[in-house]
>>> print(open('structure.txt').read())   # compact mmCIF, C-alpha atoms and all ligand atoms
# COMPACT_ATOMS: atom_id res chain seq x y z
CA MET T 1 -140.44 72.48 -160.35
CA ARG T 2 -140.73 71.96 -164.08
CA PHE T 3 -138.81 69.30 -165.98
CA HIS T 4 -138.54 69.44 -169.78
CA ILE T 5 -137.27 66.48 -171.75
CA VAL T 6 -136.13 66.72 -175.37
CA THR T 7 -136.17 63.31 -177.04
CA ILE T 8 -136.81 61.50 -180.32
CA PHE T 9 -138.89 58.94 -178.37
CA PRO T 10 -141.53 60.95 -176.48
CA ASP T 11 -143.67 57.87 -175.75
CA PHE T 12 -140.79 56.27 -173.87
CA PHE T 13 -141.67 58.08 -170.62
CA THR T 14 -145.23 56.83 -170.16
CA GLY T 15 -143.89 53.90 -168.13
CA PRO T 16 -141.21 55.54 -165.96
CA PHE T 17 -143.36 58.52 -164.94
CA GLY T 18 -146.67 56.68 -164.70
CA TYR T 19 -146.14 55.00 -161.33
CA GLY T 20 -145.57 55.64 -157.65
CA VAL T 21 -144.03 58.77 -156.21
CA VAL T 22 -143.39 60.63 -159.49
CA SER T 23 -146.88 59.96 -160.80
CA ARG T 24 -148.54 61.06 -157.53
CA ALA T 25 -146.38 64.19 -157.31
CA GLN T 26 -147.48 65.24 -160.81
CA ALA T 27 -151.13 64.62 -159.99
CA ALA T 28 -150.74 66.73 -156.83
CA GLY T 29 -149.21 69.58 -158.85
CA LEU T 30 -145.88 69.40 -157.01
CA LEU T 31 -143.95 69.01 -160.25
CA GLU T 32 -144.54 69.16 -164.00
CA ILE T 33 -142.88 67.03 -166.64
CA HIS T 34 -143.09 68.27 -170.24
CA ILE T 35 -141.95 65.90 -172.96
CA HIS T 36 -140.89 67.46 -176.27
CA ASP T 37 -140.43 65.62 -179.56
CA LEU T 38 -137.16 66.80 -181.11
CA ARG T 39 -138.61 66.26 -184.57
CA ASN T 40 -140.93 69.25 -184.02
CA TRP T 41 -137.86 71.36 -184.74
CA THR T 42 -137.05 69.82 -188.12
CA TYR T 43 -138.24 71.22 -191.44
CA ASP T 44 -137.51 68.58 -194.07
CA ARG T 45 -139.88 65.90 -195.30
CA HIS T 46 -138.09 63.15 -193.37
CA ARG T 47 -137.87 65.19 -190.16
CA THR T 48 -134.14 64.48 -190.00
CA VAL T 49 -132.44 64.82 -186.62
CA ASP T 50 -129.16 63.01 -187.34
CA ASP T 51 -126.18 63.11 -189.69
CA ARG T 52 -122.83 61.40 -190.29
CA PRO T 53 -119.77 62.32 -188.21
CA PHE T 54 -117.07 64.48 -189.78
CA GLY T 55 -113.82 62.56 -190.00
CA GLY T 56 -115.56 59.27 -190.55
CA GLY T 57 -116.52 56.53 -188.15
CA GLU T 58 -119.58 54.46 -187.49
CA GLY T 59 -123.09 55.58 -186.84
CA MET T 60 -124.88 58.87 -186.77
CA LEU T 61 -124.93 61.89 -184.47
CA LEU T 62 -127.79 64.14 -183.41
CA LYS T 63 -127.43 67.36 -185.43
CA PRO T 64 -127.04 70.66 -183.60
CA GLU T 65 -129.76 72.77 -185.31
CA PRO T 66 -132.92 71.02 -184.01
CA LEU T 67 -131.45 70.73 -180.50
CA PHE T 68 -130.47 74.41 -180.30
CA GLU T 69 -133.86 75.50 -181.67
CA ALA T 70 -135.73 73.20 -179.30
CA VAL T 71 -133.89 74.38 -176.19
CA GLU T 72 -134.14 78.05 -177.18
CA ALA T 73 -137.87 77.70 -177.76
CA ILE T 74 -138.60 75.76 -174.57
CA LEU T 75 -136.36 77.81 -172.25
CA PRO T 76 -135.90 81.19 -173.97
CA GLU T 77 -134.08 82.60 -170.96
CA ARG T 78 -131.65 80.60 -168.94
CA THR T 79 -131.04 81.92 -165.45
CA ALA T 80 -129.43 80.64 -162.26
CA ARG T 81 -132.62 78.65 -161.65
CA LYS T 82 -133.28 77.46 -165.21
CA LYS T 83 -130.67 74.98 -166.37
CA THR T 84 -129.98 72.55 -169.18
CA VAL T 85 -128.43 69.10 -168.88
CA LEU T 86 -127.06 66.92 -171.65
CA LEU T 87 -127.19 63.24 -170.72
CA SER T 88 -123.91 61.75 -171.87
CA ALA T 89 -121.62 58.82 -171.08
CA GLN T 90 -118.82 61.42 -171.04
CA GLY T 91 -120.46 63.59 -168.40
CA ALA T 92 -119.71 64.21 -164.74
CA ARG T 93 -121.14 61.39 -162.65
CA PHE T 94 -124.66 62.03 -161.30
CA THR T 95 -124.73 61.85 -157.50
CA GLN T 96 -127.11 62.58 -154.64
CA PRO T 97 -125.46 65.99 -153.93
CA MET T 98 -126.06 66.86 -157.61
CA ALA T 99 -129.70 65.74 -157.23
CA ARG T 100 -130.03 68.09 -154.23
CA GLU T 101 -128.56 70.96 -156.26
CA PHE T 102 -130.99 70.33 -159.15
CA ALA T 103 -133.91 70.16 -156.71
CA GLN T 104 -133.39 73.91 -156.04
CA LEU T 105 -134.15 74.82 -159.67
CA GLU T 106 -137.35 76.17 -161.23
CA ASP T 107 -136.79 74.57 -164.63
CA LEU T 108 -134.51 71.74 -165.65
CA LEU T 109 -134.30 70.79 -169.30
CA LEU T 110 -132.84 67.38 -170.17
CA ILE T 111 -131.43 66.57 -173.60
CA CYS T 112 -131.45 62.87 -174.51
CA GLY T 113 -128.82 61.71 -176.98
CA ARG T 114 -129.22 58.72 -179.31
CA TYR T 115 -127.20 56.80 -181.92
CA GLU T 116 -123.45 57.45 -181.51
CA GLY T 117 -124.13 60.60 -179.52
CA VAL T 118 -124.58 64.33 -180.05
CA ASP T 119 -122.65 67.02 -181.97
CA GLU T 120 -120.13 68.35 -179.43
CA ARG T 121 -121.29 71.97 -179.83
CA VAL T 122 -124.36 71.02 -177.78
CA ALA T 123 -122.11 70.13 -174.81
CA GLU T 124 -119.90 73.18 -175.44
CA HIS T 125 -122.46 75.91 -176.02
CA LEU T 126 -125.99 74.77 -175.13
CA ALA T 127 -125.88 72.55 -172.05
CA ASP T 128 -125.04 73.97 -168.63
CA TYR T 129 -124.09 70.48 -167.43
CA GLU T 130 -122.99 67.26 -169.13
CA VAL T 131 -124.11 64.44 -166.86
CA SER T 132 -123.58 60.66 -166.85
CA ILE T 133 -125.54 58.28 -164.66
CA GLY T 134 -122.70 55.77 -164.44
CA ASP T 135 -119.63 54.33 -166.09
CA PHE T 136 -121.40 52.33 -168.78
CA VAL T 137 -122.87 53.12 -172.18
CA LEU T 138 -126.62 53.16 -172.76
CA SER T 139 -128.24 53.26 -176.17
CA GLY T 140 -130.00 56.53 -175.40
CA GLY T 141 -130.35 59.31 -172.85
CA GLU T 142 -134.01 58.55 -172.08
CA LEU T 143 -133.42 55.97 -169.33
CA ALA T 144 -130.77 58.24 -167.81
CA ALA T 145 -133.16 61.23 -167.91
CA ALA T 146 -135.92 59.18 -166.25
CA MET T 147 -133.54 58.20 -163.44
CA LEU T 148 -132.38 61.77 -162.93
CA VAL T 149 -135.98 63.08 -162.79
CA ASP T 150 -136.95 60.36 -160.32
CA ALA T 151 -134.01 61.08 -158.00
CA VAL T 152 -134.63 64.87 -158.07
CA ALA T 153 -138.44 64.62 -157.80
CA ARG T 154 -138.38 62.75 -154.50
CA LEU T 155 -136.31 65.57 -152.94
CA LEU T 156 -138.88 68.27 -153.76
CA PRO T 157 -140.84 69.62 -150.80
CA GLY T 158 -144.02 67.63 -150.18
CA VAL T 159 -143.25 64.80 -152.60
CA LEU T 160 -142.31 62.25 -149.95
CA GLY T 161 -144.74 62.27 -147.06
CA ASP T 162 -141.97 62.76 -144.53
CA GLU T 163 -139.12 65.04 -145.54
CA ARG T 164 -136.77 63.33 -143.12
CA SER T 165 -136.98 60.12 -145.09
CA SER T 166 -134.87 61.59 -147.89
CA ARG T 167 -132.31 63.04 -145.46
CA ASN T 168 -131.87 59.76 -143.63
CA GLU T 169 -131.25 57.39 -146.48
CA SER T 170 -128.18 56.35 -148.46
CA PHE T 171 -125.99 59.36 -149.39
CA GLY T 172 -128.36 61.54 -147.30
CA GLU T 173 -127.40 64.72 -145.45
CA ASP T 174 -128.27 63.21 -142.07
CA ASN T 175 -126.40 60.03 -142.90
CA GLU T 176 -122.84 61.36 -143.32
CA GLY T 177 -123.21 60.71 -147.07
CA ILE T 178 -122.73 56.97 -146.57
CA LEU T 179 -125.08 54.02 -147.12
CA ASP T 180 -128.35 53.53 -145.28
CA CYS T 181 -128.33 50.90 -142.54
CA PRO T 182 -129.71 47.39 -143.10
CA GLN T 183 -133.43 47.19 -142.32
CA TYR T 184 -135.60 44.23 -141.36
CA THR T 185 -139.32 43.53 -141.11
CA ARG T 186 -141.34 40.57 -139.80
CA PRO T 187 -140.91 37.67 -139.24
CA ALA T 188 -138.23 38.09 -136.57
CA GLU T 189 -136.87 34.71 -137.64
CA PHE T 190 -136.97 33.54 -141.27
CA ARG T 191 -135.47 30.22 -142.36
CA GLY T 192 -133.33 30.29 -139.27
CA TRP T 193 -131.95 33.81 -139.95
CA LYS T 194 -132.67 36.11 -137.04
CA VAL T 195 -133.18 39.85 -137.03
CA PRO T 196 -130.46 41.52 -134.88
CA GLU T 197 -131.64 41.33 -131.27
CA VAL T 198 -131.14 45.05 -130.56
CA LEU T 199 -133.83 46.02 -133.13
CA LEU T 200 -136.47 44.00 -131.29
CA GLY T 201 -135.69 45.67 -127.96
CA GLY T 202 -137.11 49.19 -128.23
CA ASN T 203 -134.09 50.93 -126.66
CA HIS T 204 -133.90 53.88 -129.05
CA GLU T 205 -130.40 54.99 -128.09
CA GLU T 206 -129.04 51.49 -128.59
CA ILE T 207 -130.88 51.13 -131.89
CA LYS T 208 -129.44 54.42 -133.10
CA ARG T 209 -125.91 53.31 -132.18
CA TRP T 210 -126.36 49.93 -133.85
CA ARG T 211 -127.70 51.53 -137.01
CA ARG T 212 -124.81 53.97 -137.28
CA ALA T 213 -122.27 51.17 -136.81
CA ALA T 214 -124.10 48.90 -139.29
CA SER T 215 -124.16 51.74 -141.89
CA ARG T 216 -120.44 52.23 -141.51
CA GLU T 217 -119.70 48.51 -141.69
CA LYS T 218 -121.78 48.03 -144.84
CA THR T 219 -120.26 51.11 -146.49
CA GLN T 220 -116.75 49.88 -145.65
CA ARG T 221 -117.55 46.48 -147.11
CA LEU T 222 -119.41 47.47 -150.32
CA ARG T 223 -118.49 51.10 -151.02
CA PRO T 224 -115.13 51.94 -149.41
CA ASP T 225 -114.79 54.80 -151.93
CA LEU T 226 -117.50 56.71 -150.03
CA THR T 227 -115.29 57.02 -146.96
CA GLY T 228 -112.09 57.82 -148.79
CA GLY T 229 -110.98 54.25 -149.46
CA ARG T 230 -110.76 52.46 -152.78
CA ASN T 231 -113.54 50.51 -154.43
N1 LIG K 301 -120.48 57.40 -178.45
C1 LIG K 301 -120.82 57.77 -177.11
C2 LIG K 301 -122.01 56.97 -176.58
C3 LIG K 301 -123.30 57.29 -177.25
S1 LIG K 301 -124.63 56.42 -176.53
C4 LIG K 301 -119.61 57.53 -176.20
O1 LIG K 301 -118.87 56.59 -176.45
O2 LIG K 301 -119.44 58.29 -175.22
C5 LIG K 301 -126.02 57.36 -177.06
C6 LIG K 301 -126.61 58.32 -176.05
O3 LIG K 301 -127.00 57.61 -174.88
C7 LIG K 301 -125.69 59.41 -175.55
O4 LIG K 301 -125.65 60.51 -176.44
C8 LIG K 301 -126.31 59.78 -174.21
O5 LIG K 301 -127.34 60.72 -174.35
C9 LIG K 301 -126.89 58.46 -173.75
N2 LIG K 301 -126.03 57.79 -172.76
C10 LIG K 301 -125.25 56.71 -172.96
N3 LIG K 301 -124.61 56.35 -171.84
C11 LIG K 301 -124.99 57.22 -170.88
C12 LIG K 301 -124.67 57.38 -169.50
N4 LIG K 301 -123.83 56.58 -168.88
N5 LIG K 301 -125.26 58.39 -168.82
C13 LIG K 301 -126.12 59.24 -169.45
N6 LIG K 301 -126.46 59.14 -170.75
C14 LIG K 301 -125.91 58.14 -171.46
>>> encode(input="structure.txt", output="structure tokens", more="lines below")
Ligand code: SAH
Amino acid sequence: MRFHIVTIFPDFFTGPFGYGVVSRAQAAGLLEIHIHDLRNWTYDRHRTVDDRPFGGGEGMLLKPEPLFEAVEAILPERTARKKTVLLSAQGARFTQPMAREFAQLEDLLLICGRYEGVDERVAEHLADYEVSIGDFVLSGGELAAAMLVDAVARLLPGVLGDERSSRNESFGEDNEGILDCPQYTRPAEFRGWKVPEVLLGGNHEEIKRWRRAASREKTQRLRPDLTGGRN
């Protein structure tokens, strides 16, 4: 799969994509991440990407022309498997099912907003999806894009050593879409807190039952919204 990121801060991604799973997956050729500097599609001396909002108000907005030109140059044809996402606080909330849908694509282009946001015609006529990573406001789309790429990358075939590990975890397909169960490692007793006895036993049926119940209990306690309740 190929990711393309359009940003005014191309150097931002050296950190997020330089470590762990995403870095190894790139080295192994399982995915490509292409970072594009939006200012390459400006033609004035100051390489201007922003302008004041019509109607007044604070701050600046990313102008439409460089964004449209950038996207049309990077992904000249958009098909069912080549999609464009605008990162936006006003978008639909990014979730694990959405990550699984994106993991089916050949190309995914991510547009990172800055300042007070982006001219609305980008959301209306250029982006296939407007996506938010949570109900809070960031100062730019770059962190959001890095999170989205990370979450999608680990679902691609071959990226995690064991494909089951992504199906079994929180929000996973084999986990009823709820939270992962609590996990423990050694020592079996730490500062007087003991690991649940059943996990030390080796009775796989019992362990499976305990894990399912513990998943449900934790989900009920911390994320009742995932099982139809209220948060
Ligand atoms: N004025 C806008 C916020 C602009 S923040 C509003 O009130 O909705 C600047 C940029 O940061 C946005 O264009 C977007 O690309 C990014 N951003 C901010 N919050 C985000 C979020 N929750 N999810 C994804 N991107 C976000």
>>> residues_near_ligand(input="structure.txt", ligand="ligand LIG 301 (chain K)", cutoff="12 Å", atoms="only C-alpha atoms and all ligand atoms", output="ChimeraX atom specification")
/T:5-8,50,53,57-63,85-95,110-120,122-123,129-148
>>> write_last_selection(input="structure.txt", atoms="C-alpha atoms", output="tab-separated table (two decimals), keeping the file's coordinate frame")
chain	number	residue	atom	x	y	z
T	5	ILE	CA	-137.27	66.48	-171.75
T	6	VAL	CA	-136.13	66.72	-175.37
T	7	THR	CA	-136.17	63.31	-177.04
T	8	ILE	CA	-136.81	61.50	-180.32
T	50	ASP	CA	-129.16	63.01	-187.34
T	53	PRO	CA	-119.77	62.32	-188.21
T	57	GLY	CA	-116.52	56.53	-188.15
T	58	GLU	CA	-119.58	54.46	-187.49
T	59	GLY	CA	-123.09	55.58	-186.84
T	60	MET	CA	-124.88	58.87	-186.77
T	61	LEU	CA	-124.93	61.89	-184.47
T	62	LEU	CA	-127.79	64.14	-183.41
T	63	LYS	CA	-127.43	67.36	-185.43
T	85	VAL	CA	-128.43	69.10	-168.88
T	86	LEU	CA	-127.06	66.92	-171.65
T	87	LEU	CA	-127.19	63.24	-170.72
T	88	SER	CA	-123.91	61.75	-171.87
T	89	ALA	CA	-121.62	58.82	-171.08
T	90	GLN	CA	-118.82	61.42	-171.04
T	91	GLY	CA	-120.46	63.59	-168.40
T	92	ALA	CA	-119.71	64.21	-164.74
T	93	ARG	CA	-121.14	61.39	-162.65
T	94	PHE	CA	-124.66	62.03	-161.30
T	95	THR	CA	-124.73	61.85	-157.50
T	110	LEU	CA	-132.84	67.38	-170.17
T	111	ILE	CA	-131.43	66.57	-173.60
T	112	CYS	CA	-131.45	62.87	-174.51
T	113	GLY	CA	-128.82	61.71	-176.98
T	114	ARG	CA	-129.22	58.72	-179.31
T	115	TYR	CA	-127.20	56.80	-181.92
T	116	GLU	CA	-123.45	57.45	-181.51
T	117	GLY	CA	-124.13	60.60	-179.52
T	118	VAL	CA	-124.58	64.33	-180.05
T	119	ASP	CA	-122.65	67.02	-181.97
T	120	GLU	CA	-120.13	68.35	-179.43
T	122	VAL	CA	-124.36	71.02	-177.78
T	123	ALA	CA	-122.11	70.13	-174.81
T	129	TYR	CA	-124.09	70.48	-167.43
T	130	GLU	CA	-122.99	67.26	-169.13
T	131	VAL	CA	-124.11	64.44	-166.86
T	132	SER	CA	-123.58	60.66	-166.85
T	133	ILE	CA	-125.54	58.28	-164.66
T	134	GLY	CA	-122.70	55.77	-164.44
T	135	ASP	CA	-119.63	54.33	-166.09
T	136	PHE	CA	-121.40	52.33	-168.78
T	137	VAL	CA	-122.87	53.12	-172.18
T	138	LEU	CA	-126.62	53.16	-172.76
T	139	SER	CA	-128.24	53.26	-176.17
T	140	GLY	CA	-130.00	56.53	-175.40
T	141	GLY	CA	-130.35	59.31	-172.85
T	142	GLU	CA	-134.01	58.55	-172.08
T	143	LEU	CA	-133.42	55.97	-169.33
T	144	ALA	CA	-130.77	58.24	-167.81
T	145	ALA	CA	-133.16	61.23	-167.91
T	146	ALA	CA	-135.92	59.18	-166.25
T	147	MET	CA	-133.54	58.20	-163.44
T	148	LEU	CA	-132.38	61.77	-162.93
>>> residues_around(input="structure.txt", residues="Leu31 of chain T", least_positions_apart="3", cutoff="7 Å", atoms="all atoms listed in the file", output="tab-separated table (two decimals) with C-alpha atoms, in the coordinates of the input")
chain	number	residue	atom	x	y	z
T	1	MET	CA	-140.44	72.48	-160.35
T	2	ARG	CA	-140.73	71.96	-164.08
T	25	ALA	CA	-146.38	64.19	-157.31
T	26	GLN	CA	-147.48	65.24	-160.81
>>> closest_residue(input="structure.txt", among="T:His34, T:Gly18, T:Thr219, T:Tyr43", to="Ser170 of chain T", atoms="all atoms listed in the file")
T:Thr219
>>> residues_around(input="structure.txt", residues="Leu38 of chain T", least_positions_apart="4", cutoff="9 Å", atoms="all atoms listed in the file", output="PDB file with C-alpha atoms, keeping the file's coordinate frame")
ATOM      1  CA  VAL T   6    -136.130  66.720-175.370  1.00  0.00           C
ATOM      2  CA  THR T   7    -136.170  63.310-177.040  1.00  0.00           C
ATOM      3  CA  ILE T   8    -136.810  61.500-180.320  1.00  0.00           C
ATOM      4  CA  PHE T   9    -138.890  58.940-178.370  1.00  0.00           C
ATOM      5  CA  PRO T  10    -141.530  60.950-176.480  1.00  0.00           C
ATOM      6  CA  THR T  42    -137.050  69.820-188.120  1.00  0.00           C
ATOM      7  CA  VAL T  49    -132.440  64.820-186.620  1.00  0.00           C
ATOM      8  CA  PRO T  66    -132.920  71.020-184.010  1.00  0.00           C
ATOM      9  CA  LEU T  67    -131.450  70.730-180.500  1.00  0.00           C
ATOM     10  CA  ALA T  70    -135.730  73.200-179.300  1.00  0.00           C
TER      11      ALA T  70
END
>>> residues_around(input="structure.txt", residues="Lys82 of chain T", least_positions_apart="2", cutoff="8 Å", atoms="all atoms listed in the file", output="number ranges by chain")
T: 75, 77-80, 84, 105-109
>>> atom_distance(input="structure.txt", atom1="atom CA of Val149 of chain T", atom2="atom CA of Phe17 of chain T")
8.9 Å
>>> residues_around(input="structure.txt", residues="Arg223 of chain T", least_positions_apart="5", cutoff="12 Å", atoms="all atoms listed in the file", output="PyMOL selection string")
chain T and resi 170-171+177-180+215-218+228-231
>>> atom_distance(input="structure.txt", atom1="atom CA of Arg212 of chain T", atom2="atom CA of Asn175 of chain T")
8.4 Å
>>> decode(input="structure.txt", residues="segment 26-41 of chain T", atoms="N, CA and C atoms", output="tab-separated table (two decimals), in the first residue's frame")
chain	number	residue	atom	x	y	z
T	26	GLN	N	8.29	-0.41	6.15
T	26	GLN	CA	8.79	0.33	4.99
T	26	GLN	C	10.07	-0.31	4.47
T	27	ALA	N	10.97	-0.64	5.38
T	27	ALA	CA	12.24	-1.25	4.98
T	27	ALA	C	12.00	-2.57	4.27
T	28	ALA	N	10.96	-3.30	4.67
T	28	ALA	CA	10.67	-4.61	4.07
T	28	ALA	C	9.86	-4.45	2.78
T	29	GLY	N	9.54	-3.23	2.40
T	29	GLY	CA	8.79	-3.00	1.16
T	29	GLY	C	7.32	-3.35	1.26
T	30	LEU	N	6.79	-3.45	2.47
T	30	LEU	CA	5.37	-3.80	2.64
T	30	LEU	C	4.47	-2.58	2.49
T	31	LEU	N	5.04	-1.40	2.68
T	31	LEU	CA	4.29	-0.17	2.45
T	31	LEU	C	5.26	0.94	2.10
T	32	GLU	N	4.70	1.96	1.40
T	32	GLU	CA	5.50	3.14	1.05
T	32	GLU	C	4.83	4.36	1.62
T	33	ILE	N	5.62	5.29	2.12
T	33	ILE	CA	5.06	6.55	2.60
T	33	ILE	C	5.78	7.68	1.86
T	34	HIS	N	5.01	8.44	1.08
T	34	HIS	CA	5.58	9.56	0.32
T	34	HIS	C	5.09	10.86	0.94
T	35	ILE	N	6.05	11.69	1.33
T	35	ILE	CA	5.71	12.97	1.95
T	35	ILE	C	5.88	14.08	0.91
T	36	HIS	N	4.85	14.92	0.77
T	36	HIS	CA	4.88	15.98	-0.25
T	36	HIS	C	4.75	17.35	0.40
T	37	ASP	N	5.65	18.25	0.04
T	37	ASP	CA	5.61	19.61	0.57
T	37	ASP	C	4.59	20.43	-0.24
T	38	LEU	N	3.55	20.88	0.43
T	38	LEU	CA	2.49	21.63	-0.26
T	38	LEU	C	3.04	22.84	-1.02
T	39	ARG	N	4.13	23.41	-0.49
T	39	ARG	CA	4.66	24.62	-1.13
T	39	ARG	C	5.24	24.35	-2.52
T	40	ASN	N	5.44	23.09	-2.88
T	40	ASN	CA	5.87	22.77	-4.25
T	40	ASN	C	4.81	23.16	-5.27
T	41	TRP	N	3.58	23.37	-4.82
T	41	TRP	CA	2.50	23.75	-5.74
T	41	TRP	C	2.09	25.21	-5.54
